[in-house]
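Raw data.tsv, TSV, C-alpha atoms and all ligand atoms:
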chain	number	residue	atom	x	y	z
A	1	MET	CA	-163.49	108.71	-86.06
A	2	SER	CA	-162.10	105.82	-88.05
A	3	LEU	CA	-159.32	106.38	-90.52
A	4	PRO	CA	-159.31	104.76	-93.93
A	5	ARG	CA	-157.99	101.24	-93.90
A	6	LEU	CA	-154.53	101.03	-95.44
A	7	ARG	CA	-152.24	98.03	-95.68
A	8	ALA	CA	-151.17	96.83	-92.21
A	9	VAL	CA	-147.53	96.94	-93.27
A	10	LEU	CA	-147.77	100.75	-93.24
A	11	ASP	CA	-148.38	100.66	-89.47
A	12	THR	CA	-145.21	98.73	-88.71
A	13	MET	CA	-142.79	99.82	-91.44
A	14	PRO	CA	-140.27	102.47	-90.37
A	15	SER	CA	-140.25	105.60	-92.57
A	16	TYR	CA	-137.06	106.47	-94.35
A	17	GLN	CA	-135.00	108.68	-92.05
A	18	PRO	CA	-132.46	110.93	-93.72
A	19	THR	CA	-129.48	111.77	-91.53
A	20	GLU	CA	-130.31	114.64	-89.18
A	21	GLY	CA	-129.97	118.17	-90.58
A	22	VAL	CA	-128.99	117.21	-94.12
A	23	TYR	CA	-132.04	118.97	-95.61
A	24	ALA	CA	-132.24	121.77	-93.04
A	25	ALA	CA	-132.51	125.35	-94.26
A	26	GLU	CA	-129.34	126.42	-92.49
A	27	HIS	CA	-126.39	125.03	-90.53
A	28	ARG	CA	-126.33	122.05	-92.80
A	29	PRO	CA	-123.76	119.48	-91.76
A	30	ARG	CA	-120.93	118.38	-94.03
A	31	PRO	CA	-122.77	115.91	-96.31
A	32	LEU	CA	-121.00	112.57	-95.85
A	33	SER	CA	-124.15	110.48	-95.39
A	34	ALA	CA	-125.59	109.86	-98.86
A	35	ASN	CA	-122.64	108.93	-101.11
A	36	GLU	CA	-123.25	111.85	-103.44
A	37	SER	CA	-120.62	113.44	-105.67
A	38	PRO	CA	-119.05	116.40	-103.84
A	39	ASP	CA	-118.77	118.43	-107.09
A	40	SER	CA	-121.46	120.67	-108.54
A	41	PRO	CA	-122.64	119.87	-112.07
A	42	LEU	CA	-120.36	120.87	-114.96
A	43	PRO	CA	-121.53	123.95	-116.94
A	44	GLY	CA	-122.53	121.74	-119.89
A	45	ILE	CA	-124.94	119.92	-117.62
A	46	THR	CA	-126.50	123.03	-116.08
A	47	ASP	CA	-126.90	124.36	-119.66
A	48	ALA	CA	-128.67	121.17	-120.73
A	49	ILE	CA	-130.90	121.44	-117.67
A	50	ALA	CA	-131.78	125.04	-118.54
A	51	ARG	CA	-132.56	124.16	-122.17
A	52	ALA	CA	-134.74	121.22	-121.17
A	53	GLY	CA	-136.44	123.43	-118.59
A	54	GLY	CA	-137.87	125.47	-121.47
A	55	THR	CA	-139.99	122.52	-122.60
A	56	VAL	CA	-141.57	121.31	-119.39
A	57	ASN	CA	-145.10	122.28	-120.40
A	58	ARG	CA	-144.84	119.04	-122.43
A	59	TYR	CA	-144.75	115.50	-121.07
A	60	PRO	CA	-141.38	113.78	-121.24
A	61	ASP	CA	-140.60	111.10	-123.84
A	62	PRO	CA	-142.03	108.06	-122.00
A	63	GLY	CA	-139.63	105.70	-123.78
A	64	CYS	CA	-136.54	107.82	-123.00
A	65	GLU	CA	-135.52	107.05	-126.56
A	66	ASP	CA	-132.60	109.44	-127.04
A	67	LEU	CA	-131.11	108.53	-123.67
A	68	THR	CA	-131.60	104.82	-124.32
A	69	ARG	CA	-129.80	105.20	-127.65
A	70	ALA	CA	-126.94	107.10	-125.99
A	71	LEU	CA	-126.63	104.41	-123.29
A	72	ALA	CA	-126.67	101.63	-125.88
A	73	ARG	CA	-123.86	103.38	-127.75
A	74	ALA	CA	-121.88	103.95	-124.54
A	75	HIS	CA	-122.09	100.26	-123.60
A	76	GLY	CA	-121.86	98.87	-127.12
A	77	ILE	CA	-125.14	96.99	-126.75
A	78	ASP	CA	-128.56	97.02	-128.41
A	79	GLU	CA	-131.21	99.48	-127.25
A	80	ASP	CA	-133.66	96.67	-126.58
A	81	ARG	CA	-131.56	95.59	-123.60
A	82	ILE	CA	-132.04	98.84	-121.65
A	83	VAL	CA	-134.72	100.17	-119.30
A	84	VAL	CA	-134.37	103.74	-117.99
A	85	GLY	CA	-135.96	104.60	-114.65
A	86	ALA	CA	-136.35	107.47	-112.19
A	87	GLY	CA	-133.28	106.39	-110.23
A	88	SER	CA	-132.23	102.79	-109.89
A	89	VAL	CA	-134.38	102.70	-106.74
A	90	SER	CA	-137.48	103.00	-108.91
A	91	LEU	CA	-136.17	100.18	-111.11
A	92	LEU	CA	-135.72	98.04	-107.98
A	93	GLN	CA	-139.26	98.85	-106.99
A	94	MET	CA	-140.42	97.90	-110.47
A	95	LEU	CA	-138.50	94.58	-110.29
A	96	LEU	CA	-140.13	93.74	-106.95
A	97	GLN	CA	-143.57	94.56	-108.34
A	98	ALA	CA	-142.78	92.45	-111.39
A	99	ILE	CA	-142.12	89.35	-109.25
A	100	ALA	CA	-144.67	89.99	-106.48
A	101	GLU	CA	-146.96	87.01	-106.82
A	102	PRO	CA	-148.35	85.68	-103.50
A	103	GLY	CA	-145.63	83.94	-101.51
A	104	ALA	CA	-142.74	85.41	-103.52
A	105	GLU	CA	-139.41	85.91	-101.76
A	106	VAL	CA	-136.34	88.03	-102.47
A	107	VAL	CA	-132.90	87.02	-101.20
A	108	HIS	CA	-130.37	89.77	-100.44
A	109	ALA	CA	-127.40	90.30	-98.15
A	110	TRP	CA	-127.45	92.23	-94.86
A	111	PRO	CA	-126.28	94.82	-94.10
A	112	SER	CA	-126.77	95.91	-97.66
A	113	PHE	CA	-128.72	98.69	-99.36
A	114	GLU	CA	-131.28	99.88	-96.80
A	115	LEU	CA	-134.12	100.05	-99.31
A	116	TYR	CA	-134.10	96.37	-100.38
A	117	PRO	CA	-136.23	95.14	-97.44
A	118	VAL	CA	-138.40	98.28	-97.51
A	119	LEU	CA	-139.24	97.99	-101.21
A	120	ALA	CA	-139.84	94.25	-100.78
A	121	GLU	CA	-142.26	94.87	-97.94
A	122	LEU	CA	-144.10	97.52	-99.96
A	123	ALA	CA	-144.46	95.12	-102.86
A	124	GLY	CA	-145.72	92.35	-100.57
A	125	VAL	CA	-142.59	90.27	-101.13
A	126	SER	CA	-140.88	88.53	-98.17
A	127	SER	CA	-137.24	89.40	-97.85
A	128	VAL	CA	-134.68	86.82	-96.86
A	129	ALA	CA	-131.63	88.69	-95.52
A	130	VAL	CA	-128.37	86.73	-95.48
A	131	PRO	CA	-125.70	88.12	-93.11
A	132	LEU	CA	-122.43	89.27	-94.65
A	133	LEU	CA	-119.29	87.25	-94.01
A	134	ASP	CA	-116.26	89.47	-93.26
A	135	ALA	CA	-118.26	92.47	-94.52
A	136	THR	CA	-118.65	90.71	-97.89
A	137	HIS	CA	-121.55	88.90	-99.60
A	138	ASP	CA	-121.79	85.30	-98.41
A	139	LEU	CA	-122.75	84.07	-101.87
A	140	ARG	CA	-122.64	80.39	-100.98
A	141	THR	CA	-125.20	80.83	-98.19
A	142	MET	CA	-127.27	83.13	-100.40
A	143	ALA	CA	-127.45	80.39	-103.01
A	144	ASP	CA	-128.39	77.89	-100.28
A	145	ARG	CA	-131.29	80.14	-99.25
A	146	ILE	CA	-132.88	80.08	-102.71
A	147	THR	CA	-136.11	78.06	-102.72
A	148	PRO	CA	-138.90	77.61	-105.28
A	149	ARG	CA	-140.46	80.72	-103.69
A	150	THR	CA	-137.41	82.85	-104.49
A	151	ARG	CA	-138.22	85.03	-107.47
A	152	LEU	CA	-135.44	87.60	-107.15
A	153	VAL	CA	-131.91	87.68	-105.77
A	154	VAL	CA	-130.14	91.01	-105.38
A	155	VAL	CA	-126.36	91.30	-105.19
A	156	CYS	CA	-125.05	94.76	-104.36
A	157	ASN	CA	-121.55	94.93	-105.83
A	158	PRO	CA	-119.72	96.88	-104.44
A	159	ASN	CA	-121.87	96.42	-101.36
A	160	ASP	CA	-123.49	99.45	-99.77
A	161	PRO	CA	-122.69	100.07	-96.83
A	162	THR	CA	-119.45	98.07	-96.57
A	163	GLY	CA	-117.83	99.04	-99.90
A	164	THR	CA	-116.58	95.49	-100.47
A	165	ILE	CA	-116.74	93.61	-103.76
A	166	ALA	CA	-117.58	89.96	-104.22
A	167	ASP	CA	-114.88	87.69	-105.63
A	168	PRO	CA	-115.49	87.26	-109.40
A	169	ASP	CA	-114.97	83.48	-109.26
A	170	GLU	CA	-117.49	83.23	-106.43
A	171	ILE	CA	-119.91	85.36	-108.44
A	172	ALA	CA	-119.47	83.02	-111.40
A	173	ARG	CA	-120.25	79.98	-109.23
A	174	PHE	CA	-123.20	81.82	-107.68
A	175	VAL	CA	-124.68	82.93	-110.99
A	176	ALA	CA	-124.59	79.32	-112.16
A	177	ARG	CA	-126.53	78.24	-109.04
A	178	VAL	CA	-129.40	80.74	-109.42
A	179	PRO	CA	-132.25	78.91	-111.18
A	180	PRO	CA	-132.96	80.32	-114.66
A	181	THR	CA	-136.54	81.05	-113.55
A	182	CYS	CA	-135.33	83.33	-110.75
A	183	LEU	CA	-134.39	86.91	-111.58
A	184	LEU	CA	-130.88	87.97	-110.50
A	185	ALA	CA	-130.28	91.73	-110.09
A	186	MET	CA	-126.69	92.94	-109.86
A	187	ASP	CA	-126.80	96.42	-108.30
A	188	GLU	CA	-123.68	98.18	-109.58
A	189	ALA	CA	-124.47	101.70	-108.32
A	190	TYR	CA	-120.79	102.23	-107.46
A	191	TYR	CA	-119.19	100.44	-110.39
A	192	GLU	CA	-117.27	103.51	-111.58
A	193	TYR	CA	-115.30	103.64	-108.30
A	194	VAL	CA	-114.05	100.05	-108.50
A	195	ARG	CA	-110.28	99.74	-108.97
A	196	ALA	CA	-109.54	96.16	-107.82
A	197	PRO	CA	-107.79	94.59	-110.82
A	198	GLU	CA	-109.69	91.31	-110.48
A	199	ALA	CA	-113.12	92.99	-110.41
A	200	ALA	CA	-115.50	92.78	-113.35
A	201	SER	CA	-118.94	94.14	-114.11
A	202	ALA	CA	-121.76	91.65	-114.48
A	203	LEU	CA	-122.35	93.33	-117.86
A	204	GLY	CA	-119.48	91.13	-118.98
A	205	TYR	CA	-121.81	88.12	-118.80
A	206	GLY	CA	-123.55	89.62	-121.80
A	207	ALA	CA	-126.42	87.47	-123.03
A	208	ALA	CA	-125.26	84.27	-121.28
A	209	PHE	CA	-127.79	84.53	-118.43
A	210	PRO	CA	-131.22	85.81	-119.52
A	211	ASN	CA	-132.32	85.92	-115.84
A	212	MET	CA	-129.64	88.51	-114.99
A	213	VAL	CA	-130.23	92.26	-114.93
A	214	VAL	CA	-127.61	94.88	-114.09
A	215	LEU	CA	-128.55	98.16	-112.40
A	216	ARG	CA	-126.56	101.35	-112.87
A	217	THR	CA	-127.25	104.93	-111.80
A	218	PHE	CA	-126.45	108.54	-112.68
A	219	SER	CA	-126.72	109.46	-108.99
A	220	LYS	CA	-123.18	108.76	-107.82
A	221	ALA	CA	-120.25	108.97	-110.26
A	222	TYR	CA	-122.24	111.05	-112.76
A	223	GLY	CA	-123.26	113.53	-110.07
A	224	LEU	CA	-127.01	113.69	-110.85
A	225	ALA	CA	-128.50	112.42	-107.57
A	226	GLY	CA	-130.97	115.31	-107.49
A	227	LEU	CA	-132.46	114.44	-110.89
A	228	ARG	CA	-133.18	110.71	-110.36
A	229	VAL	CA	-132.00	108.70	-113.36
A	230	GLY	CA	-130.86	105.09	-113.40
A	231	TYR	CA	-130.98	102.23	-115.86
A	232	LEU	CA	-131.14	98.49	-116.14
A	233	VAL	CA	-129.49	96.22	-118.69
A	234	GLY	CA	-130.95	92.78	-119.33
A	235	ASP	CA	-132.15	90.25	-121.85
A	236	PRO	CA	-134.40	91.82	-124.54
A	237	ARG	CA	-137.25	89.38	-123.82
A	238	VAL	CA	-137.15	90.23	-120.12
A	239	VAL	CA	-136.67	93.94	-120.81
A	240	ARG	CA	-139.78	94.01	-123.02
A	241	LYS	CA	-141.89	92.86	-120.06
A	242	LEU	CA	-140.12	94.98	-117.45
A	243	ARG	CA	-140.74	98.12	-119.50
A	244	LYS	CA	-144.48	97.48	-119.09
A	245	ALA	CA	-144.01	97.40	-115.31
A	246	CYS	CA	-142.54	100.93	-115.27
A	247	LEU	CA	-144.67	103.94	-114.51
A	248	ALA	CA	-145.07	105.88	-117.77
A	249	TYR	CA	-143.50	109.39	-117.82
A	250	ALA	CA	-141.56	108.69	-114.58
A	251	VAL	CA	-138.25	110.01	-115.95
A	252	ASN	CA	-138.68	113.73	-116.56
A	253	THR	CA	-137.37	115.69	-119.53
A	254	VAL	CA	-134.78	117.61	-117.52
A	255	ALA	CA	-133.35	114.38	-116.12
A	256	GLN	CA	-133.23	112.73	-119.56
A	257	HIS	CA	-131.30	115.62	-121.11
A	258	ALA	CA	-128.94	116.03	-118.17
A	259	ALA	CA	-128.12	112.30	-118.27
A	260	MET	CA	-127.36	112.48	-122.00
A	261	GLU	CA	-125.07	115.43	-121.41
A	262	ALA	CA	-123.38	113.58	-118.53
A	263	LEU	CA	-122.66	110.68	-120.89
A	264	ALA	CA	-121.17	113.14	-123.37
A	265	LEU	CA	-118.99	114.59	-120.59
A	266	ARG	CA	-118.09	111.18	-119.22
A	267	ASP	CA	-114.31	111.66	-119.40
A	268	ARG	CA	-114.39	114.79	-117.28
A	269	LEU	CA	-116.77	113.23	-114.77
A	270	MET	CA	-114.53	110.17	-114.49
A	271	ASP	CA	-111.59	112.50	-113.72
A	272	ARG	CA	-113.62	113.62	-110.71
A	273	VAL	CA	-114.23	110.01	-109.76
A	274	GLU	CA	-110.45	109.49	-109.90
A	275	THR	CA	-110.01	112.28	-107.34
A	276	THR	CA	-112.52	110.59	-105.04
A	277	VAL	CA	-110.78	107.23	-105.48
A	278	ALA	CA	-107.44	108.82	-104.56
A	279	ASP	CA	-108.89	110.46	-101.47
A	280	ARG	CA	-110.58	107.19	-100.50
A	281	GLY	CA	-107.10	105.67	-100.37
A	282	ARG	CA	-105.78	108.55	-98.31
A	283	VAL	CA	-108.66	108.48	-95.77
A	284	HIS	CA	-108.57	104.68	-95.55
A	285	HIS	CA	-104.83	104.73	-94.94
A	286	ALA	CA	-105.14	107.45	-92.27
A	287	LEU	CA	-107.89	105.56	-90.42
A	288	ARG	CA	-105.98	102.27	-90.54
A	289	ARG	CA	-102.82	103.98	-89.33
A	290	ASP	CA	-104.81	105.34	-86.38
A	291	GLY	CA	-105.98	101.86	-85.47
A	292	TRP	CA	-109.47	101.76	-86.98
A	293	SER	CA	-110.60	98.58	-88.59
A	294	VAL	CA	-111.97	99.58	-92.02
A	295	PRO	CA	-112.54	97.13	-94.86
A	296	ALA	CA	-110.95	98.05	-98.19
A	297	SER	CA	-113.61	99.93	-100.15
A	298	GLU	CA	-114.24	99.88	-103.89
A	299	ALA	CA	-116.95	102.56	-103.62
A	300	ASN	CA	-117.11	106.25	-102.68
A	301	PHE	CA	-117.54	105.56	-98.96
A	302	LEU	CA	-115.89	103.71	-96.09
A	303	TRP	CA	-117.42	101.42	-93.49
A	304	LEU	CA	-116.59	101.58	-89.80
A	305	PRO	CA	-117.87	98.36	-88.18
A	306	LEU	CA	-118.51	99.93	-84.78
A	307	GLY	CA	-121.27	97.55	-83.67
A	308	GLU	CA	-123.02	98.90	-80.56
A	309	ASP	CA	-120.91	102.08	-80.63
A	310	ALA	CA	-122.34	103.11	-84.02
A	311	PRO	CA	-125.12	105.43	-82.74
A	312	ALA	CA	-122.79	107.15	-80.26
A	313	PHE	CA	-120.19	107.72	-82.97
A	314	GLY	CA	-122.96	109.04	-85.24
A	315	ARG	CA	-124.01	111.55	-82.56
A	316	TRP	CA	-120.38	112.58	-82.16
A	317	CYS	CA	-120.14	113.25	-85.90
A	318	THR	CA	-123.40	115.25	-85.80
A	319	HIS	CA	-121.96	117.31	-82.97
A	320	GLN	CA	-118.86	117.92	-85.08
A	321	GLY	CA	-121.05	119.16	-87.94
A	322	ILE	CA	-120.67	116.04	-90.06
A	323	ALA	CA	-123.56	113.93	-91.38
A	324	VAL	CA	-122.75	110.20	-91.63
A	325	ARG	CA	-125.04	107.19	-92.04
A	326	VAL	CA	-125.58	105.11	-88.91
A	327	PHE	CA	-126.62	101.46	-89.05
A	328	PRO	CA	-127.53	100.82	-85.40
A	329	GLY	CA	-125.76	97.79	-83.97
A	330	GLU	CA	-123.73	97.41	-87.17
A	331	GLY	CA	-121.57	100.37	-88.03
A	332	VAL	CA	-121.27	103.77	-89.66
A	333	ARG	CA	-120.90	104.55	-93.35
A	334	VAL	CA	-119.00	107.69	-94.28
A	335	THR	CA	-118.94	109.11	-97.80
A	336	ILE	CA	-115.67	110.24	-99.38
A	337	GLY	CA	-116.58	113.87	-99.99
A	338	SER	CA	-114.53	116.98	-100.65
A	339	ARG	CA	-110.97	116.90	-99.37
A	340	GLU	CA	-111.83	119.47	-96.73
A	341	ASP	CA	-114.85	117.53	-95.47
A	342	ASN	CA	-112.81	114.34	-95.38
A	343	ASP	CA	-110.16	116.07	-93.28
A	344	VAL	CA	-112.76	117.35	-90.82
A	345	PHE	CA	-114.08	113.80	-90.55
A	346	LEU	CA	-110.61	112.37	-89.97
A	347	ALA	CA	-110.02	114.88	-87.16
A	348	ALA	CA	-113.38	114.02	-85.58
A	349	ALA	CA	-112.64	110.29	-85.82
A	350	GLU	CA	-109.24	110.76	-84.23
A	351	THR	CA	-110.70	112.73	-81.30
A	352	TRP	CA	-113.28	110.01	-80.84
A	353	ARG	CA	-110.70	107.26	-80.88
A	354	THR	CA	-108.38	108.92	-78.42
A	355	THR	CA	-110.96	110.28	-75.97
A	356	ARG	CA	-114.18	108.31	-76.67
A	357	PRO	CA	-116.16	111.41	-75.76
A	358	TRP	CA	-119.60	109.79	-75.90
A	359	ALA	CA	-118.88	106.10	-75.83
A	360	MET	CA	-120.43	105.69	-72.38
A	361	ALA	CA	-123.70	103.91	-71.74
A	362	PRO	CA	-126.71	106.16	-72.58
A	363	GLY	CA	-127.63	106.93	-68.94
A	364	ASP	CA	-124.07	107.90	-68.09
A	365	ARG	CA	-123.74	110.68	-70.61
A	366	THR	CA	-123.41	114.25	-69.41
A	367	GLY	CA	-123.12	117.47	-71.35
A	368	CYS	CA	-124.29	115.79	-74.51
A	369	GLU	CA	-126.28	118.26	-76.62
A	370	THR	CA	-127.82	115.89	-79.11
A	371	GLU	CA	-129.31	113.43	-76.67
A	372	ASP	CA	-132.87	114.40	-77.48
A	373	GLU	CA	-133.59	111.45	-79.74
B	401	LIG	C1	-127.28	105.06	-104.18
B	401	LIG	C2	-127.66	103.68	-104.53
B	401	LIG	C3	-128.49	103.43	-105.60
B	401	LIG	C4	-128.91	104.54	-106.51
B	401	LIG	O1	-130.14	104.94	-106.32
B	401	LIG	P1	-130.79	106.00	-107.32
B	401	LIG	O2	-132.21	105.73	-107.14
B	401	LIG	O3	-130.31	105.68	-108.71
B	401	LIG	O4	-130.34	107.33	-106.85
B	401	LIG	C5	-128.83	102.13	-105.91
B	401	LIG	N1	-128.32	101.12	-105.20
B	401	LIG	C6	-127.49	101.33	-104.18
B	401	LIG	C7	-126.92	100.18	-103.46
B	401	LIG	C8	-127.15	102.62	-103.80
B	401	LIG	O5	-126.33	102.82	-102.78

Kindly return the structure encoded in the file as structure tokens.
Ligand SMILES: *Cc1c(COP(=O)(O)O)cnc(C)c1O
Amino acid sequence: MSLPRLRAVLDTMPSYQPTEGVYAAEHRPRPLSANESPDSPLPGITDAIARAGGTVNRYPDPGCEDLTRALARAHGIDEDRIVVGAGSVSLLQMLLQAIAEPGAEVVHAWPSFELYPVLAELAGVSSVAVPLLDATHDLRTMADRITPRTRLVVVCNPNDPTGTIADPDEIARFVARVPPTCLLAMDEAYYEYVRAPEAASALGYGAAFPNMVVLRTFSKAYGLAGLRVGYLVGDPRVVRKLRKACLAYAVNTVAQHAAMEALALRDRLMDRVETTVADRGRVHHALRRDGWSVPASEANFLWLPLGEDAPAFGRWCTHQGIAVRVFPGEGVRVTIGSREDNDVFLAAAETWRTTRPWAMAPGDRTGCETEDE
């Protein structure tokens, strides 16, 4: 019997694979694979969630008006510069749909956020992946790769999975080279974790570049990954069109209220971020002292450029009860989680380094319980 004909890309595209066991009913590993906040929501946020829960027989406010107003106040900008979405991933999807005329291309770095090429493919946009240089965006080559077909450039700053930031002067030169007709998305999902004194948010460009949009999220520093809220800041004329490209009612009432409460509790949430930043320094220092090569990270994760050893190290972490994110052939990304989880990871990394338990070629391995992939 024939199956319905779907787009051919759905035959070849890999499905999104969460790290093994993370959503299992029991024996969940220590969650260092998804860059979430290790802390449960503050009581004010669970209260807001409960209150909003009492109204879910009604549709949400499709314009997210109260949240948009609160964000405008928080950033000191006008409301007409903001688009709220169901996670910044949905805003990325919307951007790709908004530029997806036949032949359109998106330029992004690689390795960078795993979903850029996937969302591009889904939207029918060709992705042009430019390799990182020293684990950092190669902005000069990215600018060189822009052609008349390029309708979107994405810069992930800090970059996921390497945690590195792009040099602000290089960003300035790059921004000036992107044609005004090409959209430029600055993905600042980890902005709140940046401490490098020279770093600056692209929001600082203000209205100077109408082709620039900045993406932020409540999923990381604000601790609301489970509710899916993100937002975009851009030029009002661009924003007016992008709002039309969003699915109406995508951001639910509970998420809108929780995000507003998180903004109200920003100071306390940023204290938590400070704890993560401090532990990032501690874990980074410990790994470097033990001989690991780890780029300095400005996000809530560290990058181990293990190359071909990445899958074996990932299996070792799984065996040690720790979920990390493996980029085969590239490296492993490990989230800075609770202090205890970070310590368990450091111990596992040290055992690996000193004994290389599973670093042998696949056929050589013996006594390896998680080989059934
Ligand atoms: C986590 C992450 C996001 C946030 O996604 P949400 O959909 O807002 O949860 C966006 N960009 C990058 C690079 C990320 O790592």

Return as JSON lines the residues of chain A lying at most 10 Å from ligand LIG 401 (chain B), together with the closest atom-to-atom pair for each and the distance in Å to one decimal, counting all atoms listed in the file, with rows in chain order and ascending residue number.
{"residue": "A:Ala34", "atom": "CA", "partner": "B:LIG401", "partner_atom": "C1", "distance": 7.4}
{"residue": "A:Asn35", "atom": "CA", "partner": "B:LIG401", "partner_atom": "C1", "distance": 6.8}
{"residue": "A:Glu36", "atom": "CA", "partner": "B:LIG401", "partner_atom": "C1", "distance": 7.9}
{"residue": "A:Gly85", "atom": "CA", "partner": "B:LIG401", "partner_atom": "O3", "distance": 8.3}
{"residue": "A:Ala86", "atom": "CA", "partner": "B:LIG401", "partner_atom": "O2", "distance": 6.8}
{"residue": "A:Gly87", "atom": "CA", "partner": "B:LIG401", "partner_atom": "O2", "distance": 3.3}
{"residue": "A:Ser88", "atom": "CA", "partner": "B:LIG401", "partner_atom": "O3", "distance": 3.7}
{"residue": "A:Val89", "atom": "CA", "partner": "B:LIG401", "partner_atom": "O2", "distance": 3.7}
{"residue": "A:Ser90", "atom": "CA", "partner": "B:LIG401", "partner_atom": "O2", "distance": 6.2}
{"residue": "A:Leu91", "atom": "CA", "partner": "B:LIG401", "partner_atom": "O2", "distance": 7.9}
{"residue": "A:Leu92", "atom": "CA", "partner": "B:LIG401", "partner_atom": "C5", "distance": 8.3}
{"residue": "A:Gln93", "atom": "CA", "partner": "B:LIG401", "partner_atom": "O2", "distance": 9.9}
{"residue": "A:Ser112", "atom": "CA", "partner": "B:LIG401", "partner_atom": "C7", "distance": 7.2}
{"residue": "A:Phe113", "atom": "CA", "partner": "B:LIG401", "partner_atom": "C7", "distance": 4.7}
{"residue": "A:Glu114", "atom": "CA", "partner": "B:LIG401", "partner_atom": "C7", "distance": 8.0}
{"residue": "A:Leu115", "atom": "CA", "partner": "B:LIG401", "partner_atom": "C7", "distance": 8.3}
{"residue": "A:Tyr116", "atom": "CA", "partner": "B:LIG401", "partner_atom": "C7", "distance": 8.7}
{"residue": "A:Val154", "atom": "CA", "partner": "B:LIG401", "partner_atom": "C7", "distance": 9.9}
{"residue": "A:Val155", "atom": "CA", "partner": "B:LIG401", "partner_atom": "C7", "distance": 9.1}
{"residue": "A:Cys156", "atom": "CA", "partner": "B:LIG401", "partner_atom": "C7", "distance": 5.8}
{"residue": "A:Asn157", "atom": "CA", "partner": "B:LIG401", "partner_atom": "C7", "distance": 7.9}
{"residue": "A:Pro158", "atom": "CA", "partner": "B:LIG401", "partner_atom": "C7", "distance": 8.0}
{"residue": "A:Asn159", "atom": "CA", "partner": "B:LIG401", "partner_atom": "C7", "distance": 6.6}
{"residue": "A:Asp160", "atom": "CA", "partner": "B:LIG401", "partner_atom": "C7", "distance": 5.1}
{"residue": "A:Pro161", "atom": "CA", "partner": "B:LIG401", "partner_atom": "O5", "distance": 7.5}
{"residue": "A:Gly163", "atom": "CA", "partner": "B:LIG401", "partner_atom": "O5", "distance": 9.7}
{"residue": "A:Met186", "atom": "CA", "partner": "B:LIG401", "partner_atom": "N1", "distance": 9.6}
{"residue": "A:Asp187", "atom": "CA", "partner": "B:LIG401", "partner_atom": "N1", "distance": 5.8}
{"residue": "A:Glu188", "atom": "CA", "partner": "B:LIG401", "partner_atom": "N1", "distance": 7.0}
{"residue": "A:Ala189", "atom": "CA", "partner": "B:LIG401", "partner_atom": "N1", "distance": 5.0}
{"residue": "A:Tyr190", "atom": "CA", "partner": "B:LIG401", "partner_atom": "O5", "distance": 7.3}
{"residue": "A:Leu215", "atom": "CA", "partner": "B:LIG401", "partner_atom": "C5", "distance": 7.6}
{"residue": "A:Arg216", "atom": "CA", "partner": "B:LIG401", "partner_atom": "O3", "distance": 7.1}
{"residue": "A:Thr217", "atom": "CA", "partner": "B:LIG401", "partner_atom": "O3", "distance": 4.4}
{"residue": "A:Phe218", "atom": "CA", "partner": "B:LIG401", "partner_atom": "O3", "distance": 6.2}
{"residue": "A:Ser219", "atom": "CA", "partner": "B:LIG401", "partner_atom": "O4", "distance": 4.7}
{"residue": "A:Lys220", "atom": "CA", "partner": "B:LIG401", "partner_atom": "C1", "distance": 6.6}
{"residue": "A:Gly223", "atom": "CA", "partner": "B:LIG401", "partner_atom": "O4", "distance": 9.9}
{"residue": "A:Leu224", "atom": "CA", "partner": "B:LIG401", "partner_atom": "O4", "distance": 8.2}
{"residue": "A:Ala225", "atom": "CA", "partner": "B:LIG401", "partner_atom": "O4", "distance": 5.5}
{"residue": "A:Gly226", "atom": "CA", "partner": "B:LIG401", "partner_atom": "O4", "distance": 8.0}
{"residue": "A:Leu227", "atom": "CA", "partner": "B:LIG401", "partner_atom": "O4", "distance": 8.4}
{"residue": "A:Arg228", "atom": "CA", "partner": "B:LIG401", "partner_atom": "O4", "distance": 5.6}
{"residue": "A:Val229", "atom": "CA", "partner": "B:LIG401", "partner_atom": "O3", "distance": 5.8}
{"residue": "A:Gly230", "atom": "CA", "partner": "B:LIG401", "partner_atom": "O3", "distance": 4.8}
{"residue": "A:Tyr231", "atom": "CA", "partner": "B:LIG401", "partner_atom": "O3", "distance": 8.0}
{"residue": "A:Ala299", "atom": "CA", "partner": "B:LIG401", "partner_atom": "O5", "distance": 9.4}
{"residue": "A:Asn300", "atom": "CA", "partner": "B:LIG401", "partner_atom": "O5", "distance": 9.8}
{"residue": "A:Phe301", "atom": "CA", "partner": "B:LIG401", "partner_atom": "O5", "distance": 10.0}

Which residues are near Met94 of chain A? Cut-off 10 Å, only C-alpha atoms, ignore same chain within fewer than 3 positions. Put them as a list of chain:residue names. A:Gly85, A:Ser88, A:Val89, A:Ser90, A:Leu91, A:Gln97, A:Ala98, A:Ile99, A:Ala100, A:Leu119, A:Ala123, A:Leu242, A:Arg243, A:Lys244, A:Ala245, A:Cys246, A:Leu247

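Non-sequential neighbours of Ala52 of chain A (distance at most 7 Å, separation of 4 or more positions within a chain, only C-alpha atoms) are Ala48, Thr253, Val254 and His257 of chain A.
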
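Proximity to Thr136 of chain A was assessed for A:Pro148, A:Pro295, A:Pro305, A:Gly204 counting only C-alpha atoms; the smallest distance is recorded for A:Pro295.
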
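As for atom CA of Phe174 of chain A and atom CA of Arg140 of chain A, they are spaced 6.9 Å apart.
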
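Proximity ranking of A:Ala25, A:Ile82, A:Val332, A:Ile49 relative to Glu65 of chain A places A:Ile82 first, based on all atoms listed in the file.
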
Extract, using only C-alpha atoms, all DNA, RNA and protein residues at most 7 Å from Pro328 of chain A, discarding same-chain residues fewer than 4 positions from it, and format them as number ranges by chain. A: 308, 310-311

Around (-112.1, 110.2, -105.1), as given in the file, which residues come within 9 Å? Count all atoms listed in the file and list them as a VMD selection string. chain A and resid 193 271 to 281 300 336 to 339
